[in-house]
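To be precise, the following lines are entry16.cif, and they hold mmCIF, C-alpha atoms.
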```cif
data_query
loop_
_atom_site.label_atom_id
_atom_site.label_comp_id
_atom_site.auth_asym_id
_atom_site.auth_seq_id
_atom_site.Cartn_x
_atom_site.Cartn_y
_atom_site.Cartn_z
CA MET A 1 124.72 124.19 -31.50
CA GLU A 2 128.50 124.23 -31.17
CA PHE A 3 128.56 127.72 -32.64
CA LEU A 4 126.05 128.85 -30.02
CA ILE A 5 128.10 127.35 -27.15
CA ASN A 6 131.28 128.95 -28.45
CA LEU A 7 129.50 132.28 -28.87
CA VAL A 8 128.17 132.26 -25.31
CA LEU A 9 131.55 131.23 -23.89
CA LEU A 10 133.39 133.93 -25.86
CA LEU A 11 130.85 136.55 -24.74
CA PHE A 12 131.40 135.48 -21.13
CA LEU A 13 135.17 135.65 -21.71
CA SER A 14 135.00 139.21 -22.99
CA ALA A 15 132.66 140.21 -20.14
CA VAL A 16 135.15 138.80 -17.61
CA THR A 17 138.03 140.59 -19.35
CA ILE A 18 136.23 143.93 -19.27
CA ALA A 19 135.38 143.34 -15.61
CA ILE A 20 139.06 142.63 -14.85
CA ILE A 21 140.05 145.93 -16.47
CA GLY A 22 137.44 147.87 -14.51
CA VAL A 23 137.82 146.38 -11.04
CA ARG A 24 140.41 147.96 -8.74
CA ASN A 25 140.17 145.40 -5.95
CA LEU A 26 142.94 142.87 -6.57
CA PHE A 27 141.13 140.06 -4.75
CA ALA A 28 138.25 140.43 -7.21
CA VAL A 29 140.76 140.50 -10.08
CA VAL A 30 142.29 137.19 -8.97
CA VAL A 31 138.90 135.54 -8.62
CA LEU A 32 137.83 136.87 -12.03
CA GLY A 33 141.12 135.53 -13.42
CA GLY A 34 140.14 132.10 -12.08
CA ALA A 35 136.75 132.45 -13.77
CA TYR A 36 138.50 133.42 -17.01
CA SER A 37 140.67 130.30 -16.86
CA PHE A 38 137.64 128.14 -16.19
CA LEU A 39 135.77 129.60 -19.17
CA MET A 40 138.90 129.13 -21.29
CA ALA A 41 139.11 125.49 -20.20
CA THR A 42 135.47 124.97 -21.20
CA LEU A 43 136.12 126.62 -24.55
CA LEU A 44 139.15 124.37 -25.14
CA ILE A 45 137.05 121.30 -24.37
CA ALA A 46 134.41 122.55 -26.80
CA MET A 47 137.23 122.70 -29.39
CA ASP A 48 138.11 119.02 -28.61
CA ALA A 49 141.43 119.92 -26.98
CA VAL A 50 140.67 118.01 -23.80
CA ASP A 51 144.34 117.74 -22.75
CA VAL A 52 144.86 121.46 -22.86
CA GLY A 53 141.47 122.01 -21.21
CA MET A 54 142.41 119.81 -18.26
CA THR A 55 145.72 121.61 -17.80
CA GLU A 56 144.06 125.00 -18.05
CA ALA A 57 141.44 124.04 -15.45
CA ALA A 58 143.99 122.63 -13.01
CA VAL A 59 146.75 125.22 -13.47
CA GLY A 60 144.87 128.35 -14.50
CA ALA A 61 141.74 128.08 -12.39
CA GLY A 62 143.25 126.03 -9.57
CA VAL A 63 146.92 126.33 -8.68
CA SER A 64 147.74 129.75 -10.12
CA THR A 65 144.65 131.35 -8.55
CA VAL A 66 145.80 130.02 -5.18
CA LEU A 67 149.36 131.23 -5.84
CA LEU A 68 148.11 134.70 -6.74
CA LEU A 69 145.93 134.77 -3.64
CA SER A 70 148.88 133.83 -1.43
CA ALA A 71 150.94 136.53 -3.15
CA LEU A 72 148.08 138.96 -2.50
CA HIS A 73 148.31 138.04 1.17
CA LEU A 74 151.76 139.68 1.21
CA THR A 75 150.65 142.98 -0.33
CA LYS A 76 147.74 145.42 -0.42
CA THR A 77 144.41 144.31 -1.80
CA ASP A 78 143.66 147.47 -3.77
CA GLU A 79 145.34 148.60 -6.95
CA ALA A 80 147.09 151.97 -6.58
CA PRO A 81 145.60 154.65 -8.86
CA GLY A 82 147.78 155.30 -11.91
CA ARG A 83 150.01 158.38 -11.84
CA HIS A 84 150.25 158.82 -15.60
CA SER A 85 147.54 159.36 -18.15
CA ASN A 86 146.06 156.28 -19.75
CA VAL A 87 145.93 157.67 -23.28
CA LEU A 88 149.23 156.32 -24.60
CA PRO A 89 148.88 152.77 -23.13
CA MET A 90 145.29 152.65 -24.40
CA ALA A 91 146.32 153.72 -27.91
CA LEU A 92 149.13 151.14 -27.90
CA SER A 93 146.80 148.34 -26.76
CA VAL A 94 144.18 149.24 -29.36
CA LEU A 95 146.82 149.36 -32.10
CA THR A 96 148.29 146.00 -31.07
CA GLY A 97 144.79 144.52 -30.92
CA LEU A 98 143.96 145.79 -34.39
CA ALA A 99 147.26 144.42 -35.74
CA LEU A 100 146.44 141.01 -34.22
CA VAL A 101 142.92 141.03 -35.66
CA TYR A 102 144.40 141.97 -39.05
CA GLY A 103 146.79 139.04 -38.66
CA THR A 104 143.94 136.57 -38.09
CA TRP A 105 142.59 137.27 -41.61
CA ASP A 106 145.57 135.37 -42.99
CA LEU A 107 145.02 132.35 -40.74
CA PRO A 108 143.44 129.24 -42.30
CA ARG A 109 139.89 128.38 -41.28
CA TYR A 110 139.57 126.37 -38.04
CA GLY A 111 139.98 122.66 -38.80
CA ASP A 112 140.93 123.22 -42.46
CA ALA A 113 142.43 119.99 -43.86
CA ASP A 114 144.55 121.74 -46.51
CA THR A 115 146.80 123.68 -44.18
CA PRO A 116 150.52 122.88 -44.00
CA MET A 117 150.19 121.55 -40.47
CA ASN A 118 147.61 118.99 -41.56
CA THR A 119 149.15 117.97 -44.88
CA TYR A 120 152.87 117.31 -44.33
CA VAL A 121 154.12 115.84 -41.09
CA GLY A 122 150.73 115.75 -39.33
CA ALA A 123 149.20 113.39 -41.87
CA GLU A 124 152.34 111.26 -41.70
CA TYR A 125 151.99 110.89 -37.93
CA LEU A 126 148.33 109.91 -38.24
CA GLU A 127 149.16 107.28 -40.85
CA ARG A 128 152.17 105.70 -39.19
CA SER A 129 151.45 106.08 -35.48
CA ILE A 130 149.35 102.93 -34.99
CA ASP A 131 151.73 100.70 -36.96
CA GLU A 132 154.89 102.00 -35.37
CA THR A 133 153.88 102.53 -31.77
CA THR A 134 150.49 100.73 -31.39
CA VAL A 135 149.46 103.60 -29.11
CA PRO A 136 145.82 104.42 -29.96
CA ASN A 137 146.05 108.04 -28.79
CA VAL A 138 148.06 109.82 -31.45
CA VAL A 139 148.49 112.89 -29.23
CA THR A 140 150.40 110.79 -26.71
CA SER A 141 152.53 109.01 -29.29
CA VAL A 142 153.46 112.32 -30.95
CA LEU A 143 154.14 114.02 -27.64
CA ALA A 144 156.13 111.30 -25.94
CA SER A 145 157.60 109.31 -28.81
CA TYR A 146 157.92 111.23 -32.09
CA ARG A 147 158.50 114.50 -30.29
CA GLY A 148 160.22 112.98 -27.27
CA TYR A 149 163.05 115.51 -27.40
CA ASP A 150 160.61 118.43 -27.20
CA THR A 151 158.84 116.94 -24.22
CA LEU A 152 162.17 116.33 -22.49
CA GLY A 153 162.94 119.99 -23.13
CA GLU A 154 159.56 121.03 -21.70
CA THR A 155 160.16 118.97 -18.58
CA ALA A 156 163.57 120.59 -18.21
CA VAL A 157 161.92 124.02 -18.61
CA ILE A 158 159.50 123.26 -15.76
CA PHE A 159 162.41 122.01 -13.67
CA THR A 160 164.39 125.19 -14.39
CA ALA A 161 161.40 127.43 -13.69
CA GLY A 162 160.80 125.66 -10.38
CA ILE A 163 164.43 125.98 -9.34
CA GLY A 164 164.45 129.66 -10.34
CA VAL A 165 161.33 130.51 -8.34
CA LEU A 166 162.66 128.60 -5.35
CA MET A 167 166.00 130.39 -5.46
CA LEU A 168 164.27 133.78 -5.60
CA LEU A 169 161.77 133.09 -2.83
CA LYS A 170 163.83 130.95 -0.49
CA GLY A 171 167.05 132.97 -0.72
CA ARG A 172 165.19 136.13 0.35
CA ARG A 173 163.64 134.36 3.29
CA ARG A 174 166.97 133.11 4.65
CA ARG A 175 168.54 136.56 4.59
CA LYS A 176 165.57 137.88 6.53
CA ASP A 177 165.97 135.14 9.11
CA GLU A 178 169.62 136.04 9.61
CA ASP A 179 168.72 139.66 10.26
CA GLY A 180 166.35 138.47 12.95
CA GLU A 181 163.38 140.29 11.41
CA ASP A 182 161.42 137.15 10.84
CA GLU A 183 161.97 135.54 14.23
CA GLY A 184 159.09 133.71 15.78
CA ARG A 185 156.84 134.33 12.81
CA SER A 186 157.60 131.40 10.58
CA MET B 1 140.50 125.96 9.82
CA ARG B 2 138.19 124.92 12.66
CA GLY B 3 134.85 125.98 11.23
CA HIS B 4 133.84 125.52 7.59
CA LEU B 5 132.32 122.11 8.22
CA ILE B 6 130.89 121.85 4.71
CA LEU B 7 134.17 122.75 3.04
CA ARG B 8 136.07 120.21 5.12
CA VAL B 9 133.63 117.37 4.51
CA VAL B 10 133.24 118.06 0.79
CA SER B 11 136.96 118.36 0.15
CA LYS B 12 137.62 115.20 2.17
CA LEU B 13 135.19 113.46 -0.15
CA LEU B 14 136.62 115.05 -3.29
CA ILE B 15 140.37 114.64 -2.79
CA PRO B 16 140.55 110.82 -3.12
CA PHE B 17 138.61 111.06 -6.37
CA LEU B 18 140.83 113.87 -7.63
CA LEU B 19 143.91 111.70 -7.01
CA LEU B 20 142.22 108.70 -8.59
CA PHE B 21 141.32 110.79 -11.64
CA ALA B 22 144.94 111.96 -11.84
CA LEU B 23 146.13 108.35 -11.87
CA TYR B 24 143.53 107.51 -14.53
CA VAL B 25 144.71 110.44 -16.67
CA GLN B 26 148.31 109.33 -16.15
CA PHE B 27 147.98 105.64 -16.99
CA HIS B 28 145.21 105.94 -19.53
CA GLY B 29 147.19 108.51 -21.51
CA ASP B 30 147.94 105.89 -24.19
CA TYR B 31 144.24 105.44 -24.93
CA GLY B 32 142.48 108.65 -24.00
CA PRO B 33 143.37 112.28 -23.52
CA GLY B 34 145.92 113.01 -20.86
CA GLY B 35 149.43 112.21 -19.82
CA GLY B 36 152.11 113.26 -17.39
CA PHE B 37 151.53 117.02 -17.57
CA GLN B 38 147.78 116.81 -17.01
CA ALA B 39 148.08 114.20 -14.25
CA GLY B 40 150.85 116.21 -12.59
CA VAL B 41 148.84 119.40 -12.36
CA ILE B 42 145.76 117.52 -11.12
CA VAL B 43 147.82 115.88 -8.34
CA ALA B 44 149.24 119.29 -7.41
CA ALA B 45 145.76 120.86 -7.41
CA ALA B 46 144.45 118.09 -5.13
CA PHE B 47 147.19 118.70 -2.57
CA VAL B 48 146.77 122.47 -2.82
CA LEU B 49 143.07 121.98 -2.03
CA TYR B 50 144.07 119.86 0.96
CA ALA B 51 146.46 122.58 2.14
CA LEU B 52 143.77 125.26 1.76
CA ILE B 53 141.33 123.38 3.97
CA PHE B 54 143.55 121.56 6.48
CA GLY B 55 146.54 123.90 6.61
CA LEU B 56 150.06 123.89 5.27
CA ARG B 57 151.53 122.00 8.21
CA ALA B 58 149.23 119.01 7.79
CA THR B 59 150.06 118.86 4.06
CA GLN B 60 153.77 119.04 4.73
CA LYS B 61 153.37 116.05 7.04
CA VAL B 62 151.98 114.07 4.11
CA ILE B 63 154.54 115.33 1.58
CA PRO B 64 157.59 116.93 3.21
CA PRO B 65 159.29 119.68 1.16
CA ALA B 66 162.56 117.72 1.29
CA LEU B 67 160.87 114.88 -0.60
CA LEU B 68 159.66 117.32 -3.28
CA GLU B 69 163.12 118.78 -3.67
CA VAL B 70 164.32 115.28 -4.55
CA ALA B 71 161.35 114.55 -6.82
CA VAL B 72 161.76 117.66 -9.02
CA PRO B 73 165.14 116.66 -10.51
CA LEU B 74 164.32 112.94 -10.26
CA GLY B 75 161.58 113.29 -12.87
CA VAL B 76 163.94 114.90 -15.38
CA LEU B 77 166.54 112.24 -14.57
CA ILE B 78 164.04 109.42 -15.22
CA TYR B 79 163.13 110.98 -18.57
CA ALA B 80 166.71 111.54 -19.68
CA GLY B 81 167.67 108.18 -18.16
CA VAL B 82 165.29 106.37 -20.50
CA GLY B 83 167.12 108.07 -23.36
CA VAL B 84 170.49 106.97 -22.02
CA VAL B 85 169.26 103.39 -21.59
CA THR B 86 168.09 103.29 -25.22
CA TRP B 87 171.54 104.55 -26.17
CA GLY B 88 173.07 101.68 -24.20
CA LEU B 89 170.83 99.18 -25.99
CA GLY B 90 172.13 100.38 -29.33
CA GLY B 91 169.37 102.75 -30.44
CA ASN B 92 169.05 106.49 -30.78
CA PHE B 93 168.35 108.77 -27.81
CA LEU B 94 164.74 108.12 -26.65
CA ASP B 95 164.27 105.37 -29.25
CA TYR B 96 161.80 103.41 -27.11
CA GLY B 97 161.58 100.53 -29.57
CA MET B 98 164.91 99.34 -28.21
CA LEU B 99 163.50 98.75 -24.73
CA ASP B 100 161.93 95.44 -25.74
CA SER B 101 164.08 93.22 -27.94
CA HIS B 102 161.14 91.05 -29.11
CA ASP B 103 158.48 93.59 -29.97
CA PRO B 104 159.36 97.24 -30.58
CA SER B 105 155.75 98.32 -29.94
CA HIS B 106 155.97 96.94 -26.38
CA GLY B 107 159.12 98.98 -26.00
CA GLN B 108 157.20 102.05 -27.17
CA HIS B 109 154.52 101.47 -24.54
CA LEU B 110 157.11 100.94 -21.80
CA GLY B 111 159.13 103.96 -22.85
CA ILE B 112 156.10 106.26 -22.94
CA LEU B 113 155.00 104.95 -19.52
CA LEU B 114 158.39 105.68 -17.96
CA VAL B 115 158.77 109.06 -19.62
CA GLU B 116 155.28 110.13 -18.53
CA ALA B 117 156.10 109.02 -14.98
CA GLY B 118 159.10 111.34 -15.08
CA VAL B 119 156.96 114.23 -16.35
CA LEU B 120 154.36 113.55 -13.62
CA LEU B 121 157.02 113.66 -10.90
CA THR B 122 158.63 116.88 -12.08
CA VAL B 123 155.40 118.76 -12.84
CA SER B 124 153.51 117.86 -9.67
CA SER B 125 156.43 118.37 -7.31
CA THR B 126 157.47 121.68 -8.92
CA MET B 127 153.91 123.01 -8.59
CA LEU B 128 153.61 121.91 -4.97
CA LEU B 129 157.04 123.18 -4.04
CA ILE B 130 156.28 126.64 -5.47
CA PHE B 131 152.99 126.60 -3.56
CA TYR B 132 154.76 125.60 -0.32
CA THR B 133 157.27 128.40 -0.67
CA PHE B 134 154.59 131.00 -1.45
CA ALA B 135 152.24 129.89 1.31
CA GLY B 136 155.06 129.60 3.86
CA ARG B 137 156.09 133.25 3.40
CA GLY B 138 152.83 134.89 4.37
CA ARG B 139 152.93 133.86 8.01
#
```

I need this file expressed as structure tokens, please.
Amino acid sequence: MEFLINLVLLLFLSAVTIAIIGVRNLFAVVVLGGAYSFLMATLLIAMDAVDVGMTEAAVGAGVSTVLLLSALHLTKTDEAPGRHSNVLPMALSVLTGLALVYGTWDLPRYGDADTPMNTYVGAEYLERSIDETTVPNVVTSVLASYRGYDTLGETAVIFTAGIGVLMLLKGRRRRKDEDGEDEGRS
Amino acid sequence: MRGHLILRVVSKLLIPFLLLFALYVQFHGDYGPGGGFQAGVIVAAAFVLYALIFGLRATQKVIPPALLEVAVPLGVLIYAGVGVVTWGLGGNFLDYGMLDSHDPSHGQHLGILLVEAGVLLTVSSTMLLIFYTFAGRGR
């Protein structure tokens, strides 16, 4: 049953991807991108990664779709036709894809218990988490306690990204206001 | 948005539950899936939905951009502050066990709660602030 669900979801994913490549209308691309994120979130939930699924649904299908739409509001809605031939980019993409597929042959099977990530430190966390932290959800105790430094770093990354985007977008706006181009519009 | 009666009514019904679900994800992170990141993005998505239906100005009345600009660094400060406090109590950086002198596991719970609150603040306010800046430019 799970195999069937995954198969259907993956087929939908590839259909959406092919549609994104084919469509020239950027509005349709953004909406299809939202659909892609939603399918991805469902797939992640089917793989028991509910945390990641929730984030994907809220960020990928929700916030970033809206952000892309508001960016689209500032530009044209149709993709400009390419000026160069597509042969070289196509060959490069196919080659990269083949290399990635070749790489997956070396990956362990999904959920394999004998992989390094499940035998060394992962098993240790599972054994000691309840005794040491009494937090039933091991994901949380690993994320916030054992790997607290990493999560602090991630929070700092989000902070930095936010500040960077704000500096880029807001700084531009102010200069425009000084030139008087933007008067009465904002 | 004057028309769109169905959208307005449905989102008015949905948004309280979205926020409630975000709080559940935040505070139930110790027991079920979720935590600061997930709750943060759900909060941001709820307010973005509100802004889509009722307009940017109405949303900025609820959460002014100035407040967000304080909340973004405040979250990181809370997180790092917990680490500094555990230093002061004689432990390592982010050694939550130090937060409760009687029972280290209580300290762990308290530390994770505080740290997740910091993550929630930074993530949700960064998302919303980026949305505000993007949406404010188009007009």

Selection: 12 Å around His109 in chain B, all atoms listed in the file, excl. self and same-chain fewer than 5 positions, as a PDB file with C-alpha atoms, keeping the file's coordinate frame:
```pdb
ATOM      1  CA  ILE A 130     149.350 102.930 -34.990  1.00  0.00           C
ATOM      2  CA  GLU A 132     154.890 102.000 -35.370  1.00  0.00           C
ATOM      3  CA  THR A 133     153.880 102.530 -31.770  1.00  0.00           C
ATOM      4  CA  THR A 134     150.490 100.730 -31.390  1.00  0.00           C
ATOM      5  CA  VAL A 135     149.460 103.600 -29.110  1.00  0.00           C
ATOM      6  CA  PRO A 136     145.820 104.420 -29.960  1.00  0.00           C
ATOM      7  CA  ASN A 137     146.050 108.040 -28.790  1.00  0.00           C
ATOM      8  CA  THR A 140     150.400 110.790 -26.710  1.00  0.00           C
ATOM      9  CA  SER A 141     152.530 109.010 -29.290  1.00  0.00           C
ATOM     10  CA  ALA A 144     156.130 111.300 -25.940  1.00  0.00           C
ATOM     11  CA  SER A 145     157.600 109.310 -28.810  1.00  0.00           C
TER      12      SER A 145
ATOM     13  CA  PHE B  27     147.980 105.640 -16.990  1.00  0.00           C
ATOM     14  CA  HIS B  28     145.210 105.940 -19.530  1.00  0.00           C
ATOM     15  CA  GLY B  29     147.190 108.510 -21.510  1.00  0.00           C
ATOM     16  CA  ASP B  30     147.940 105.890 -24.190  1.00  0.00           C
ATOM     17  CA  TYR B  31     144.240 105.440 -24.930  1.00  0.00           C
ATOM     18  CA  ASP B  95     164.270 105.370 -29.250  1.00  0.00           C
ATOM     19  CA  TYR B  96     161.800 103.410 -27.110  1.00  0.00           C
ATOM     20  CA  GLY B  97     161.580 100.530 -29.570  1.00  0.00           C
ATOM     21  CA  MET B  98     164.910  99.340 -28.210  1.00  0.00           C
ATOM     22  CA  LEU B  99     163.500  98.750 -24.730  1.00  0.00           C
ATOM     23  CA  ASP B 100     161.930  95.440 -25.740  1.00  0.00           C
ATOM     24  CA  ASP B 103     158.480  93.590 -29.970  1.00  0.00           C
ATOM     25  CA  PRO B 104     159.360  97.240 -30.580  1.00  0.00           C
ATOM     26  CA  LEU B 114     158.390 105.680 -17.960  1.00  0.00           C
ATOM     27  CA  VAL B 115     158.770 109.060 -19.620  1.00  0.00           C
ATOM     28  CA  GLU B 116     155.280 110.130 -18.530  1.00  0.00           C
TER      29      GLU B 116
END
```

For the file shown, what are the residues hit by the PyMOL selection byres ((chain B) within 9 of (chain A)), laid out as a VMD selection string? chain B and resid 29 to 35 37 to 39 41 to 42 44 to 45 48 to 49 52 72 to 73 75 to 76 79 to 80 93 to 97 104 to 109 111 to 112 115 to 116 118 to 119 122 to 123 126 to 131 133 to 139

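For the set B:Gly83, B:Gln26, B:Gly88, B:Phe47, the residue with the smallest atom-to-atom gap to Leu14 in chain B is B:Phe47, counting only C-alpha atoms.
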
- [ ] Check which residues satisfy the PyMOL selection byres ((chain A and resi 21-29) around 9) in the file shown, then give them as JSON, numbers by chain.
- [x] {"A": [16, 17, 18, 19, 20, 30, 31, 32, 33, 34, 69, 72, 76, 77, 78, 79, 80, 81]}

Atom pair CA of Leu19 in chain B + CA of Val43 in chain B, distance 5.9 Å

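The spacing separating CA of Ser101 in chain B from CA of Ala123 in chain A amounts to 28.7 Å.
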
Between CA of Lys61 in chain B and CA of Ala46 in chain B lies a distance of 15.2 Å

Mind working out the centre and edge lengths of an axis-aligned box for range 31-36 of chain A, all listed atoms inside, 3 Å added to each side, rounded to one decimal in Å and written as JSON?
```
{"center_x": 138.9, "center_y": 134.5, "center_z": -12.8, "size_x": 10.4, "size_y": 10.8, "size_z": 14.4}
```

Would you mind completing range 3-26 of chain B to N, CA and C atoms and writing the output as a PDB file, in the frame of the given file?
```pdb
ATOM      1  N   GLY B   3     136.219 125.975  11.725  1.00  0.00           N
ATOM      2  CA  GLY B   3     134.850 125.980  11.230  1.00  0.00           C
ATOM      3  C   GLY B   3     134.799 125.386   9.829  1.00  0.00           C
ATOM      4  N   HIS B   4     133.936 125.945   8.986  1.00  0.00           N
ATOM      5  CA  HIS B   4     133.840 125.520   7.590  1.00  0.00           C
ATOM      6  C   HIS B   4     133.606 124.021   7.470  1.00  0.00           C
ATOM      7  N   LEU B   5     132.588 123.549   8.196  1.00  0.00           N
ATOM      8  CA  LEU B   5     132.320 122.110   8.220  1.00  0.00           C
ATOM      9  C   LEU B   5     132.063 121.579   6.811  1.00  0.00           C
ATOM     10  N   ILE B   6     131.266 122.336   6.039  1.00  0.00           N
ATOM     11  CA  ILE B   6     130.890 121.850   4.710  1.00  0.00           C
ATOM     12  C   ILE B   6     132.119 121.738   3.819  1.00  0.00           C
ATOM     13  N   LEU B   7     132.969 122.781   3.872  1.00  0.00           N
ATOM     14  CA  LEU B   7     134.170 122.750   3.040  1.00  0.00           C
ATOM     15  C   LEU B   7     135.035 121.554   3.394  1.00  0.00           C
ATOM     16  N   ARG B   8     135.193 121.312   4.708  1.00  0.00           N
ATOM     17  CA  ARG B   8     136.070 120.210   5.120  1.00  0.00           C
ATOM     18  C   ARG B   8     135.527 118.875   4.660  1.00  0.00           C
ATOM     19  N   VAL B   9     134.207 118.668   4.866  1.00  0.00           N
ATOM     20  CA  VAL B   9     133.630 117.370   4.510  1.00  0.00           C
ATOM     21  C   VAL B   9     133.674 117.165   3.002  1.00  0.00           C
ATOM     22  N   VAL B  10     133.300 118.221   2.253  1.00  0.00           N
ATOM     23  CA  VAL B  10     133.240 118.060   0.790  1.00  0.00           C
ATOM     24  C   VAL B  10     134.631 117.819   0.223  1.00  0.00           C
ATOM     25  N   SER B  11     135.640 118.561   0.733  1.00  0.00           N
ATOM     26  CA  SER B  11     136.960 118.360   0.150  1.00  0.00           C
ATOM     27  C   SER B  11     137.531 117.008   0.554  1.00  0.00           C
ATOM     28  N   LYS B  12     137.184 116.542   1.769  1.00  0.00           N
ATOM     29  CA  LYS B  12     137.620 115.200   2.170  1.00  0.00           C
ATOM     30  C   LYS B  12     137.059 114.157   1.218  1.00  0.00           C
ATOM     31  N   LEU B  13     135.808 114.382   0.794  1.00  0.00           N
ATOM     32  CA  LEU B  13     135.190 113.460  -0.150  1.00  0.00           C
ATOM     33  C   LEU B  13     135.822 113.570  -1.524  1.00  0.00           C
ATOM     34  N   LEU B  14     136.181 114.805  -1.915  1.00  0.00           N
ATOM     35  CA  LEU B  14     136.620 115.050  -3.290  1.00  0.00           C
ATOM     36  C   LEU B  14     138.055 114.591  -3.532  1.00  0.00           C
ATOM     37  N   ILE B  15     138.933 114.823  -2.535  1.00  0.00           N
ATOM     38  CA  ILE B  15     140.370 114.640  -2.790  1.00  0.00           C
ATOM     39  C   ILE B  15     140.744 113.223  -3.244  1.00  0.00           C
ATOM     40  N   PRO B  16     140.196 112.149  -2.611  1.00  0.00           N
ATOM     41  CA  PRO B  16     140.550 110.820  -3.120  1.00  0.00           C
ATOM     42  C   PRO B  16     140.186 110.647  -4.593  1.00  0.00           C
ATOM     43  N   PHE B  17     139.023 111.207  -4.982  1.00  0.00           N
ATOM     44  CA  PHE B  17     138.610 111.060  -6.370  1.00  0.00           C
ATOM     45  C   PHE B  17     139.482 111.880  -7.311  1.00  0.00           C
ATOM     46  N   LEU B  18     139.916 113.045  -6.820  1.00  0.00           N
ATOM     47  CA  LEU B  18     140.830 113.870  -7.630  1.00  0.00           C
ATOM     48  C   LEU B  18     142.114 113.078  -7.900  1.00  0.00           C
ATOM     49  N   LEU B  19     142.662 112.449  -6.836  1.00  0.00           N
ATOM     50  CA  LEU B  19     143.910 111.700  -7.010  1.00  0.00           C
ATOM     51  C   LEU B  19     143.694 110.495  -7.915  1.00  0.00           C
ATOM     52  N   LEU B  20     142.532 109.850  -7.744  1.00  0.00           N
ATOM     53  CA  LEU B  20     142.220 108.700  -8.590  1.00  0.00           C
ATOM     54  C   LEU B  20     142.118 109.121 -10.049  1.00  0.00           C
ATOM     55  N   PHE B  21     141.458 110.275 -10.273  1.00  0.00           N
ATOM     56  CA  PHE B  21     141.320 110.790 -11.640  1.00  0.00           C
ATOM     57  C   PHE B  21     142.696 111.115 -12.220  1.00  0.00           C
ATOM     58  N   ALA B  22     143.579 111.663 -11.370  1.00  0.00           N
ATOM     59  CA  ALA B  22     144.940 111.960 -11.840  1.00  0.00           C
ATOM     60  C   ALA B  22     145.637 110.685 -12.282  1.00  0.00           C
ATOM     61  N   LEU B  23     145.488 109.614 -11.502  1.00  0.00           N
ATOM     62  CA  LEU B  23     146.130 108.350 -11.870  1.00  0.00           C
ATOM     63  C   LEU B  23     145.522 107.809 -13.161  1.00  0.00           C
ATOM     64  N   TYR B  24     144.195 107.957 -13.300  1.00  0.00           N
ATOM     65  CA  TYR B  24     143.530 107.510 -14.530  1.00  0.00           C
ATOM     66  C   TYR B  24     144.087 108.279 -15.733  1.00  0.00           C
ATOM     67  N   VAL B  25     144.199 109.609 -15.576  1.00  0.00           N
ATOM     68  CA  VAL B  25     144.710 110.440 -16.670  1.00  0.00           C
ATOM     69  C   VAL B  25     146.149 110.034 -17.000  1.00  0.00           C
ATOM     70  N   GLN B  26     146.913 109.712 -15.947  1.00  0.00           N
ATOM     71  CA  GLN B  26     148.310 109.330 -16.150  1.00  0.00           C
ATOM     72  C   GLN B  26     148.421 108.013 -16.922  1.00  0.00           C
TER      73      GLN B  26
END
```
